[in-house]
$ cat my_file_8.cif   # mmCIF, C-alpha atoms
data_final
#
loop_
_atom_site.label_atom_id
_atom_site.label_comp_id
_atom_site.auth_asym_id
_atom_site.auth_seq_id
_atom_site.Cartn_x
_atom_site.Cartn_y
_atom_site.Cartn_z
CA ILE Y 41 -10.62 16.78 6.67
CA MET Y 42 -8.03 19.52 6.37
CA SER Y 43 -8.12 21.24 3.01
CA ALA Y 44 -6.11 19.33 0.45
CA GLN Y 45 -5.42 19.67 -3.24
CA THR Y 46 -5.42 16.78 -5.69
CA ARG Y 47 -3.75 16.98 -9.07
CA GLU Y 48 -2.84 14.59 -11.82
CA GLN Y 49 0.58 15.06 -13.34
CA VAL Y 50 3.36 13.20 -15.07
CA LEU Y 51 6.38 12.58 -12.83
CA ALA Y 52 9.30 10.37 -13.90
CA ASN Y 53 7.28 9.37 -17.00
CA VAL Y 54 4.43 8.04 -14.85
CA THR Y 55 0.96 9.59 -14.64
CA VAL Y 56 0.33 10.01 -10.93
CA THR Y 57 -2.42 11.38 -8.72
CA ILE Y 58 -0.97 13.50 -5.92
CA THR Y 59 -2.96 14.82 -2.99
CA GLU Y 60 -1.20 17.30 -0.73
CA PRO Y 61 -2.54 18.55 2.60
CA GLU Y 62 -1.88 22.18 3.50
CA THR Y 63 0.82 21.06 5.91
CA SER Y 64 2.47 17.79 4.98
CA SER Y 65 4.24 15.67 7.58
CA GLY Y 66 5.22 12.82 5.26
CA VAL Y 67 4.74 11.00 1.95
CA THR Y 68 2.75 7.79 1.46
CA PHE Y 69 2.43 5.85 -1.79
CA LEU Y 70 -0.99 4.30 -2.33
CA LEU Y 71 -0.54 1.28 -4.62
CA PRO Y 72 -3.74 -0.23 -6.08
CA GLY Y 73 -4.41 -3.83 -6.96
CA SER Y 74 -3.72 -5.05 -10.49
CA LEU Y 75 -5.78 -3.14 -13.08
CA VAL Y 76 -7.95 -1.62 -10.32
CA GLN Y 77 -8.81 2.07 -10.66
CA GLU Y 78 -7.18 4.43 -8.15
CA SER Y 79 -10.63 5.77 -7.25
CA GLU Y 80 -11.38 2.43 -5.53
CA TYR Y 81 -9.02 3.59 -2.75
CA ASN Y 82 -10.22 7.19 -2.28
CA SER Y 83 -11.19 6.55 1.33
CA TYR Y 84 -7.56 5.62 2.08
CA ARG Y 85 -6.34 8.74 0.31
CA ASN Y 86 -8.66 10.83 2.48
CA GLU Y 87 -7.59 8.96 5.60
CA LEU Y 88 -3.89 9.51 4.87
CA VAL Y 89 -4.34 13.18 3.95
CA GLY Y 90 -6.23 13.64 7.21
CA LEU Y 91 -3.10 12.32 8.95
CA GLY Y 92 -0.98 14.97 7.21
CA GLN Y 93 0.40 12.67 4.52
CA THR Y 94 1.02 13.67 0.93
CA VAL Y 95 -0.42 10.77 -1.08
CA ILE Y 96 1.01 9.64 -4.43
CA SER Y 97 -0.73 6.91 -6.42
CA PHE Y 98 -0.58 5.46 -9.90
CA TYR Y 99 -2.51 2.85 -11.89
CA ILE Y 100 -0.73 -0.51 -11.88
CA ASN Y 101 -0.77 -2.19 -15.27
CA VAL Y 102 0.64 -5.68 -14.67
CA LEU Y 103 0.61 -6.37 -18.41
CA TRP Y 104 3.15 -3.65 -19.23
CA PRO Y 105 6.12 -3.86 -19.21
CA PRO Y 106 5.81 -7.57 -20.06
CA LEU Y 107 9.11 -8.55 -18.41
CA ASN Y 108 9.91 -8.17 -14.69
CA ASN Y 109 6.74 -6.16 -14.32
CA HIS Y 110 6.47 -6.07 -10.53
CA ARG Y 111 10.08 -5.01 -10.07
CA ALA Y 112 9.57 -2.35 -12.75
CA GLN Y 113 6.57 -1.02 -10.80
CA ALA Y 114 8.69 -1.00 -7.63
CA LYS Y 115 11.39 0.98 -9.44
CA LYS Y 116 8.72 3.54 -10.38
CA VAL Y 117 8.04 4.16 -6.66
CA LYS Y 118 11.70 4.94 -6.02
CA GLU Y 119 12.00 7.17 -9.08
CA LEU Y 120 8.76 8.96 -8.25
CA PHE Y 121 9.96 9.75 -4.74
CA ASP Y 122 13.26 11.09 -6.11
CA THR Y 123 11.49 13.24 -8.70
CA TYR Y 124 8.83 14.46 -6.28
CA CYS Y 125 11.54 15.52 -3.81
CA GLU Y 126 13.49 17.33 -6.52
CA GLU Y 127 10.32 19.20 -7.43
CA GLN Y 128 9.72 20.09 -3.76
CA GLU Y 129 13.26 21.40 -3.38
CA ASP Y 130 12.82 23.52 -6.51
CA HIS Y 131 9.95 25.20 -4.64
CA SER Y 132 12.07 25.55 -1.48
CA LYS Y 133 10.01 22.93 0.34
CA ASN Y 134 11.44 20.13 2.40
CA CYS Y 135 11.00 16.49 1.52
CA PRO Y 136 11.03 13.72 4.14
CA THR Y 137 13.98 11.32 4.10
CA LYS Y 138 11.66 8.29 4.21
CA TYR Y 139 8.23 7.36 2.91
CA ASN Y 140 5.41 4.91 3.61
CA MET Y 141 3.46 2.60 1.33
CA VAL Y 142 -0.08 1.24 1.52
CA GLY Y 143 -0.67 -1.39 -1.15
CA HIS Y 144 -3.47 -3.82 -1.96
CA SER Y 145 -3.03 -7.18 -3.70
CA VAL Y 146 -0.19 -6.87 -6.23
CA GLY Y 147 0.28 -3.31 -4.92
CA GLY Y 148 1.10 -4.85 -1.54
CA LYS Y 149 3.64 -7.16 -3.15
CA ILE Y 150 5.20 -4.22 -5.04
CA ALA Y 151 5.51 -2.32 -1.74
CA LEU Y 152 7.36 -5.31 -0.27
CA ILE Y 153 9.72 -5.42 -3.27
CA VAL Y 154 10.54 -1.72 -2.70
CA LEU Y 155 11.20 -2.50 0.97
CA ALA Y 156 13.31 -5.60 0.34
CA HIS Y 157 15.14 -4.69 -2.82
CA THR Y 158 14.53 -1.42 -4.65
CA ASP Y 159 14.82 1.25 -1.93
CA PRO Y 160 15.24 -0.42 1.49
CA GLU Y 161 17.00 2.53 3.12
CA ARG Y 162 14.11 4.94 2.67
CA VAL Y 163 11.02 2.93 3.52
CA GLU Y 164 9.39 3.67 6.87
CA THR Y 165 6.08 1.79 7.12
CA VAL Y 166 4.47 -0.74 4.78
CA ILE Y 167 0.85 -1.83 5.09
CA ALA Y 168 0.28 -4.61 2.55
CA LEU Y 169 -3.42 -5.49 2.31
CA ASP Y 170 -3.74 -9.14 1.23
CA PRO Y 171 -0.52 -9.10 -0.83
CA ILE Y 172 -0.21 -11.80 -3.51
CA ASP Y 173 3.29 -13.07 -4.23
CA GLN Y 174 2.65 -14.69 -7.61
CA ASN Y 175 3.80 -14.33 -11.24
CA PRO Y 176 6.65 -14.57 -10.21
CA SER Y 177 6.98 -15.29 -6.51
CA GLU Y 178 9.66 -13.17 -4.85
CA PHE Y 179 9.23 -13.95 -1.13
CA THR Y 180 7.63 -17.41 -1.14
CA GLY Y 181 8.24 -20.66 -2.98
CA GLY Y 182 11.38 -20.22 -5.06
CA GLY Y 183 11.57 -16.45 -4.53
CA HIS Y 184 14.94 -14.86 -3.79
CA LEU Y 185 14.01 -11.65 -2.02
CA SER Y 186 14.21 -11.40 1.76
CA LEU Y 187 12.49 -9.23 4.33
CA ASP Y 188 14.95 -10.27 7.07
CA GLY Y 189 16.76 -6.94 6.75
CA ALA Y 190 13.60 -4.89 7.24
CA THR Y 191 14.19 -4.32 10.95
CA GLU Y 192 13.97 -0.51 11.04
CA GLY Y 193 10.41 0.26 9.99
CA THR Y 194 7.07 -1.48 10.43
CA THR Y 195 5.69 -4.05 7.99
CA ILE Y 196 2.04 -5.07 8.40
CA LEU Y 197 0.52 -7.82 6.24
CA THR Y 198 -3.21 -8.51 6.25
CA LEU Y 199 -4.67 -11.85 5.20
CA THR Y 200 -8.21 -12.53 3.98
CA ASN Y 201 -9.93 -15.72 2.85
CA GLY Y 202 -8.45 -14.88 -0.54
CA GLY Y 203 -10.08 -15.34 -3.90
CA LEU Y 204 -10.05 -17.31 -7.11
CA GLY Y 205 -6.51 -17.91 -8.39
CA ILE Y 206 -4.80 -16.83 -5.15
CA SER Y 207 -2.58 -19.61 -3.84
CA LYS Y 208 -2.21 -20.13 -0.09
CA MET Y 209 1.45 -20.89 -0.81
CA HIS Y 210 1.97 -17.31 -1.96
CA ASP Y 211 -0.33 -15.25 0.28
CA ALA Y 212 0.37 -13.00 3.28
CA GLY Y 213 0.34 -16.01 5.62
CA SER Y 214 3.16 -17.67 3.68
CA ILE Y 215 5.16 -14.42 3.42
CA HIS Y 216 4.81 -13.96 7.18
CA MET Y 217 5.82 -17.57 7.84
CA ASN Y 218 9.07 -16.94 5.96
CA PHE Y 219 9.78 -13.64 7.73
CA PRO Y 220 8.10 -13.83 11.16
CA ASP Y 221 10.55 -11.47 12.87
CA THR Y 222 10.15 -8.49 10.56
CA THR Y 223 6.48 -8.72 9.56
CA THR Y 224 3.25 -8.56 11.58
CA LEU Y 225 0.31 -10.59 10.30
CA VAL Y 226 -3.26 -9.36 10.80
CA ARG Y 227 -5.87 -11.99 9.93
CA HIS Y 228 -9.16 -10.77 8.51
CA GLU Y 229 -11.47 -13.77 8.83
CA ASP Y 230 -14.45 -14.09 6.51
CA ALA Y 231 -13.23 -11.30 4.24
CA GLY Y 232 -12.76 -11.58 0.49
CA HIS Y 233 -9.75 -10.27 -1.44
CA PHE Y 234 -11.60 -7.13 -2.61
CA ALA Y 235 -13.00 -6.27 0.84
CA TYR Y 236 -10.51 -3.38 1.08
CA THR Y 237 -11.77 -1.48 -1.97
CA ASP Y 238 -14.34 1.30 -1.66
CA ASN Y 239 -16.77 -0.16 -4.20
CA GLY Y 240 -15.83 -3.80 -4.67
CA GLY Y 241 -12.90 -3.26 -7.01
CA GLY Y 242 -14.81 -2.38 -10.17
CA ALA Y 243 -14.33 -4.67 -13.19
CA ALA Y 244 -11.37 -6.49 -11.62
CA GLY Y 245 -13.38 -7.22 -8.49
CA ALA Y 246 -16.38 -8.38 -10.51
CA LEU Y 247 -14.25 -11.12 -12.08
CA MET Y 248 -13.42 -12.65 -8.69
CA PRO Y 249 -16.19 -14.40 -6.72
CA ASP Y 250 -16.33 -12.91 -3.21
CA ARG Y 251 -15.25 -15.33 -0.49
CA GLY Y 252 -16.20 -12.97 2.32
CA THR Y 253 -19.34 -12.41 4.36
CA LYS Y 254 -20.91 -8.98 4.56
CA GLU Y 255 -19.73 -8.61 8.19
CA GLY Y 256 -16.26 -10.00 7.46
CA ASN Y 257 -15.75 -7.66 4.51
CA ALA Y 258 -16.97 -4.64 6.49
CA PHE Y 259 -14.64 -5.46 9.39
CA ALA Y 260 -11.60 -5.90 7.11
CA TYR Y 261 -12.34 -2.58 5.39
CA GLU Y 262 -12.67 -0.69 8.67
CA ASP Y 263 -9.67 -2.42 10.19
CA ALA Y 264 -7.47 -1.50 7.21
CA HIS Y 265 -8.27 2.16 7.88
CA ARG Y 266 -7.59 1.64 11.60
CA LEU Y 267 -4.18 0.11 10.80
CA ILE Y 268 -3.29 3.17 8.71
CA HIS Y 269 -4.33 5.39 11.60
CA LYS Y 270 -2.27 3.38 14.05
CA TYR Y 271 0.93 2.78 12.10
CA ILE Y 272 1.14 5.80 9.82
CA GLY Y 273 -0.77 8.28 11.97
CA GLY Y 274 1.03 7.21 15.14
CA VAL Y 275 -2.23 7.19 17.08
CA ASN Y 276 -1.74 6.15 20.69
CA MET Y 277 -4.05 3.74 22.50
CA ILE Y 278 -6.35 6.33 24.10
CA GLN Y 279 -6.98 8.12 20.83
CA GLU Y 280 -7.41 4.77 19.14
CA ASP Y 281 -10.36 3.88 21.34
CA GLU Y 282 -12.00 7.18 20.48
CA TYR Y 283 -11.23 6.56 16.81
CA SER Y 284 -12.92 3.13 16.93
CA GLU Y 285 -16.04 4.70 18.35
CA GLN Y 286 -16.14 7.16 15.46
CA LEU Y 287 -16.13 4.41 12.83
#

$ encode --input "my_file_8.cif" --output "structure tokens"
Amino acid sequence: IMSAQTREQVLANVTVTITEPETSSGVTFLLPGSLVQESEYNSYRNELVGLGQTVISFYINVLWPPLNNHRAQAKKVKELFDTYCEEQEDHSKNCPTKYNMVGHSVGGKIALIVLAHTDPERVETVIALDPIDQNPSEFTGGGHLSLDGATEGTTILTLTNGGLGISKMHDAGSIHMNFPDTTTLVRHEDAGHFAYTDNGGGAAGALMPDRGTKEGNAFAYEDAHRLIHKYIGGVNMIQEDEYSEQL
């Protein structure tokens, strides 16, 4: 992997972890699941940095603020991008006009809120890994947000066998059913909700019984990395075959 530097800093009143490759070709936000440590997604950070992306992540505390939490987290993404770009310009560096997001669980839902509502003009690609649209629902059930306008970029939703407390009425399948023209659904059979994390999701993952098989979880994990390679790295089909062989 090309040499990259990781630092923790406070931007827009949020403690973030930023990893910058020597030469950056874009910015991707890496949004963890609820109360899951950022380190559970280090393989994705490395993957993205290897594709020339500057990666910005922050811990998602769904308990604070207590009101409109998910929209507040989405607003943080927009403000962080603004502040990061101002900082880049101060150092005479260019900032891209758009950014990508890779989010897991509630992080996937937050990415979709940014795309639909908070900053629709500037979002390029969203990869939402098993997003959960609950507490409150924004895109399913009685939700009021729409992804119909998201025609410019690419929006990938993955769907696993879920986990305890995840309602089928509010999962990626239901989101896709409501917005079939602007989202692509990738089904990960026999995978549990925490299959995408590097080490099972830590304490948060331990609280949720795994609904996946060993093979199903491994495939979902590898496929999530492949999707990043394909949709954020812009890997064409020939390279993709070679990439699969490397995994």

$ resolve_selection --input "my_file_8.cif" --expression "the PyMOL selection byres ((chain Y and resi 71) around 10)" --output "JSON, numbers by chain"
{"Y": [68, 69, 70, 72, 73, 74, 76, 78, 81, 96, 97, 98, 99, 100, 113, 114, 117, 141, 142, 143, 144, 145, 146, 147, 148, 149, 150, 151, 168]}

$ closest_residue --input "my_file_8.cif" --among "Y:Asn108, Y:Ser65, Y:Thr158, Y:Gln174" --to "Thr137 (chain Y)" --atoms "all atoms listed in the file"
Y:Ser65

$ residues_around --input "my_file_8.cif" --residues "region 184-188 of chain Y" --least-positions-apart "5" --cutoff "7 Å" --atoms "all atoms listed in the file" --output "PDB file with C-alpha atoms, in the frame of the given file"
ATOM      1  CA  ALA Y 156      13.310  -5.600   0.340  1.00  0.00           C
ATOM      2  CA  GLU Y 178       9.660 -13.170  -4.850  1.00  0.00           C
ATOM      3  CA  PHE Y 179       9.230 -13.950  -1.130  1.00  0.00           C
ATOM      4  CA  PHE Y 219       9.780 -13.640   7.730  1.00  0.00           C
ATOM      5  CA  THR Y 222      10.150  -8.490  10.560  1.00  0.00           C
TER       6      THR Y 222
END

$ resolve_selection --input "my_file_8.cif" --expression "the PyMOL selection byres ((chain Y and resi 118-133) around 12)" --output "ChimeraX atom specification"
/Y:49-58,60,63-69,94-98,111-117,134-141,150-151,153-155,157-163

$ atom_distance --input "my_file_8.cif" --atom1 "CA of Asn218 (chain Y)" --atom2 "CA of Leu204 (chain Y)"
23.2 Å

$ atom_distance --input "my_file_8.cif" --atom1 "CA of Gly241 (chain Y)" --atom2 "CA of Arg85 (chain Y)"
15.5 Å

$ resolve_selection --input "my_file_8.cif" --expression "the PyMOL selection byres ((chain Y and resi 236-239) around 8)" --output "PyMOL selection string"
chain Y and resi 80-83+144+169+233-235+240-242+257+260-261+264

$ residues_around --input "my_file_8.cif" --residues "Leu225 (chain Y)" --least-positions-apart "3" --cutoff "12 Å" --atoms "all atoms listed in the file" --output "list in words"
Ile167, Ala168, Leu169, Asp170, Pro171, Thr194, Thr195, Ile196, Leu197, Thr198, Leu199, Thr200, Asp211, Ala212, Gly213, Ser214, Ile215, His216, Met217, Asn218, Phe219, Pro220, Asp221, Thr222, His228 and Leu267 of chain Y

$ atom_distance --input "my_file_8.cif" --atom1 "CA of Gly245 (chain Y)" --atom2 "CA of Leu75 (chain Y)"
9.8 Å

$ closest_residue --input "my_file_8.cif" --among "Y:Pro106, Y:Val89, Y:Lys208, Y:Gly232" --to "Glu255 (chain Y)" --atoms "all atoms listed in the file"
Y:Gly232

$ closest_residue --input "my_file_8.cif" --among "Y:Asn101, Y:Thr165, Y:Thr191, Y:Asn175" --to "Gln77 (chain Y)" --atoms "only C-alpha atoms"
Y:Asn101

$ closest_residue --input "my_file_8.cif" --among "Y:Asp263, Y:Glu48, Y:Glu62, Y:Asp230" --to "Gly203 (chain Y)" --atoms "all atoms listed in the file"
Y:Asp230

$ residues_near_point --input "my_file_8.cif" --point "(-15.2, -19.9, 5.3)" --cutoff "9 Å" --atoms "only C-alpha atoms" --output "JSON, numbers by chain"
{"Y": [201, 229, 230, 231, 251, 252, 253]}

$ decode --input "my_file_8.cif" --residues "region 152-181 of chain Y" --atoms "N, CA and C atoms" --output "PDB file, in the first residue's frame"
ATOM      1  N   LEU Y 152     -26.987   7.516   3.484  1.00  0.00           N
ATOM      2  CA  LEU Y 152     -28.160   7.723   2.615  1.00  0.00           C
ATOM      3  C   LEU Y 152     -28.880   9.026   2.948  1.00  0.00           C
ATOM      4  N   ILE Y 153     -28.880   9.412   4.228  1.00  0.00           N
ATOM      5  CA  ILE Y 153     -29.490  10.702   4.610  1.00  0.00           C
ATOM      6  C   ILE Y 153     -28.693  11.854   3.993  1.00  0.00           C
ATOM      7  N   VAL Y 154     -27.356  11.734   4.029  1.00  0.00           N
ATOM      8  CA  VAL Y 154     -26.512  12.782   3.410  1.00  0.00           C
ATOM      9  C   VAL Y 154     -26.856  12.893   1.925  1.00  0.00           C
ATOM     10  N   LEU Y 155     -26.982  11.743   1.276  1.00  0.00           N
ATOM     11  CA  LEU Y 155     -27.268  11.694  -0.159  1.00  0.00           C
ATOM     12  C   LEU Y 155     -28.651  12.266  -0.480  1.00  0.00           C
ATOM     13  N   ALA Y 156     -29.645  11.922   0.333  1.00  0.00           N
ATOM     14  CA  ALA Y 156     -31.023  12.312   0.029  1.00  0.00           C
ATOM     15  C   ALA Y 156     -31.357  13.721   0.488  1.00  0.00           C
ATOM     16  N   HIS Y 157     -30.691  14.166   1.557  1.00  0.00           N
ATOM     17  CA  HIS Y 157     -31.212  15.340   2.255  1.00  0.00           C
ATOM     18  C   HIS Y 157     -30.163  16.390   2.617  1.00  0.00           C
ATOM     19  N   THR Y 158     -29.053  15.945   3.216  1.00  0.00           N
ATOM     20  CA  THR Y 158     -28.126  16.906   3.821  1.00  0.00           C
ATOM     21  C   THR Y 158     -27.216  17.582   2.805  1.00  0.00           C
ATOM     22  N   ASP Y 159     -26.712  16.806   1.835  1.00  0.00           N
ATOM     23  CA  ASP Y 159     -25.704  17.342   0.903  1.00  0.00           C
ATOM     24  C   ASP Y 159     -25.790  16.646  -0.462  1.00  0.00           C
ATOM     25  N   PRO Y 160     -26.996  16.575  -1.051  1.00  0.00           N
ATOM     26  CA  PRO Y 160     -27.171  15.749  -2.252  1.00  0.00           C
ATOM     27  C   PRO Y 160     -26.297  16.150  -3.442  1.00  0.00           C
ATOM     28  N   GLU Y 161     -25.957  17.427  -3.527  1.00  0.00           N
ATOM     29  CA  GLU Y 161     -25.209  17.917  -4.694  1.00  0.00           C
ATOM     30  C   GLU Y 161     -23.784  17.388  -4.738  1.00  0.00           C
ATOM     31  N   ARG Y 162     -23.241  17.013  -3.577  1.00  0.00           N
ATOM     32  CA  ARG Y 162     -21.799  16.734  -3.532  1.00  0.00           C
ATOM     33  C   ARG Y 162     -21.457  15.270  -3.314  1.00  0.00           C
ATOM     34  N   VAL Y 163     -22.463  14.408  -3.289  1.00  0.00           N
ATOM     35  CA  VAL Y 163     -22.177  12.995  -3.047  1.00  0.00           C
ATOM     36  C   VAL Y 163     -21.994  12.262  -4.366  1.00  0.00           C
ATOM     37  N   GLU Y 164     -20.893  11.534  -4.472  1.00  0.00           N
ATOM     38  CA  GLU Y 164     -20.580  10.784  -5.687  1.00  0.00           C
ATOM     39  C   GLU Y 164     -21.090   9.350  -5.577  1.00  0.00           C
ATOM     40  N   THR Y 165     -20.458   8.574  -4.711  1.00  0.00           N
ATOM     41  CA  THR Y 165     -20.781   7.144  -4.585  1.00  0.00           C
ATOM     42  C   THR Y 165     -21.082   6.811  -3.132  1.00  0.00           C
ATOM     43  N   VAL Y 166     -22.146   6.035  -2.927  1.00  0.00           N
ATOM     44  CA  VAL Y 166     -22.472   5.538  -1.582  1.00  0.00           C
ATOM     45  C   VAL Y 166     -22.473   4.019  -1.623  1.00  0.00           C
ATOM     46  N   ILE Y 167     -21.732   3.406  -0.705  1.00  0.00           N
ATOM     47  CA  ILE Y 167     -21.824   1.960  -0.507  1.00  0.00           C
ATOM     48  C   ILE Y 167     -22.318   1.764   0.925  1.00  0.00           C
ATOM     49  N   ALA Y 168     -23.590   1.357   1.037  1.00  0.00           N
ATOM     50  CA  ALA Y 168     -24.213   1.172   2.348  1.00  0.00           C
ATOM     51  C   ALA Y 168     -24.280  -0.326   2.632  1.00  0.00           C
ATOM     52  N   LEU Y 169     -23.483  -0.764   3.596  1.00  0.00           N
ATOM     53  CA  LEU Y 169     -23.382  -2.184   3.938  1.00  0.00           C
ATOM     54  C   LEU Y 169     -24.443  -2.517   4.983  1.00  0.00           C
ATOM     55  N   ASP Y 170     -25.461  -3.256   4.562  1.00  0.00           N
ATOM     56  CA  ASP Y 170     -26.568  -3.656   5.445  1.00  0.00           C
ATOM     57  C   ASP Y 170     -27.127  -2.469   6.233  1.00  0.00           C
ATOM     58  N   PRO Y 171     -27.550  -1.406   5.531  1.00  0.00           N
ATOM     59  CA  PRO Y 171     -28.089  -0.240   6.251  1.00  0.00           C
ATOM     60  C   PRO Y 171     -29.373  -0.609   6.993  1.00  0.00           C
ATOM     61  N   ILE Y 172     -29.592   0.012   8.142  1.00  0.00           N
ATOM     62  CA  ILE Y 172     -30.811  -0.217   8.927  1.00  0.00           C
ATOM     63  C   ILE Y 172     -31.545   1.103   9.055  1.00  0.00           C
ATOM     64  N   ASP Y 173     -32.765   1.149   8.532  1.00  0.00           N
ATOM     65  CA  ASP Y 173     -33.535   2.387   8.529  1.00  0.00           C
ATOM     66  C   ASP Y 173     -34.563   2.367   9.668  1.00  0.00           C
ATOM     67  N   GLN Y 174     -34.044   2.400  10.891  1.00  0.00           N
ATOM     68  CA  GLN Y 174     -34.914   2.358  12.078  1.00  0.00           C
ATOM     69  C   GLN Y 174     -34.571   3.483  13.046  1.00  0.00           C
ATOM     70  N   ASN Y 175     -35.501   3.768  13.921  1.00  0.00           N
ATOM     71  CA  ASN Y 175     -35.326   4.750  15.026  1.00  0.00           C
ATOM     72  C   ASN Y 175     -34.837   6.124  14.611  1.00  0.00           C
ATOM     73  N   PRO Y 176     -35.484   6.917  13.826  1.00  0.00           N
ATOM     74  CA  PRO Y 176     -36.745   6.638  13.114  1.00  0.00           C
ATOM     75  C   PRO Y 176     -36.460   6.121  11.711  1.00  0.00           C
ATOM     76  N   SER Y 177     -37.500   5.659  11.025  1.00  0.00           N
ATOM     77  CA  SER Y 177     -37.302   5.280   9.620  1.00  0.00           C
ATOM     78  C   SER Y 177     -37.438   6.533   8.754  1.00  0.00           C
ATOM     79  N   GLU Y 178     -36.527   6.659   7.809  1.00  0.00           N
ATOM     80  CA  GLU Y 178     -36.492   7.839   6.922  1.00  0.00           C
ATOM     81  C   GLU Y 178     -36.863   7.472   5.485  1.00  0.00           C
ATOM     82  N   PHE Y 179     -36.579   6.225   5.088  1.00  0.00           N
ATOM     83  CA  PHE Y 179     -36.763   5.821   3.689  1.00  0.00           C
ATOM     84  C   PHE Y 179     -37.803   4.718   3.527  1.00  0.00           C
ATOM     85  N   THR Y 180     -38.217   4.122   4.644  1.00  0.00           N
ATOM     86  CA  THR Y 180     -39.149   2.995   4.614  1.00  0.00           C
ATOM     87  C   THR Y 180     -40.296   3.310   5.563  1.00  0.00           C
ATOM     88  N   GLY Y 181     -41.329   2.506   5.545  1.00  0.00           N
ATOM     89  CA  GLY Y 181     -42.445   2.741   6.464  1.00  0.00           C
ATOM     90  C   GLY Y 181     -42.979   4.150   6.284  1.00  0.00           C
TER      91      GLY Y 181
END
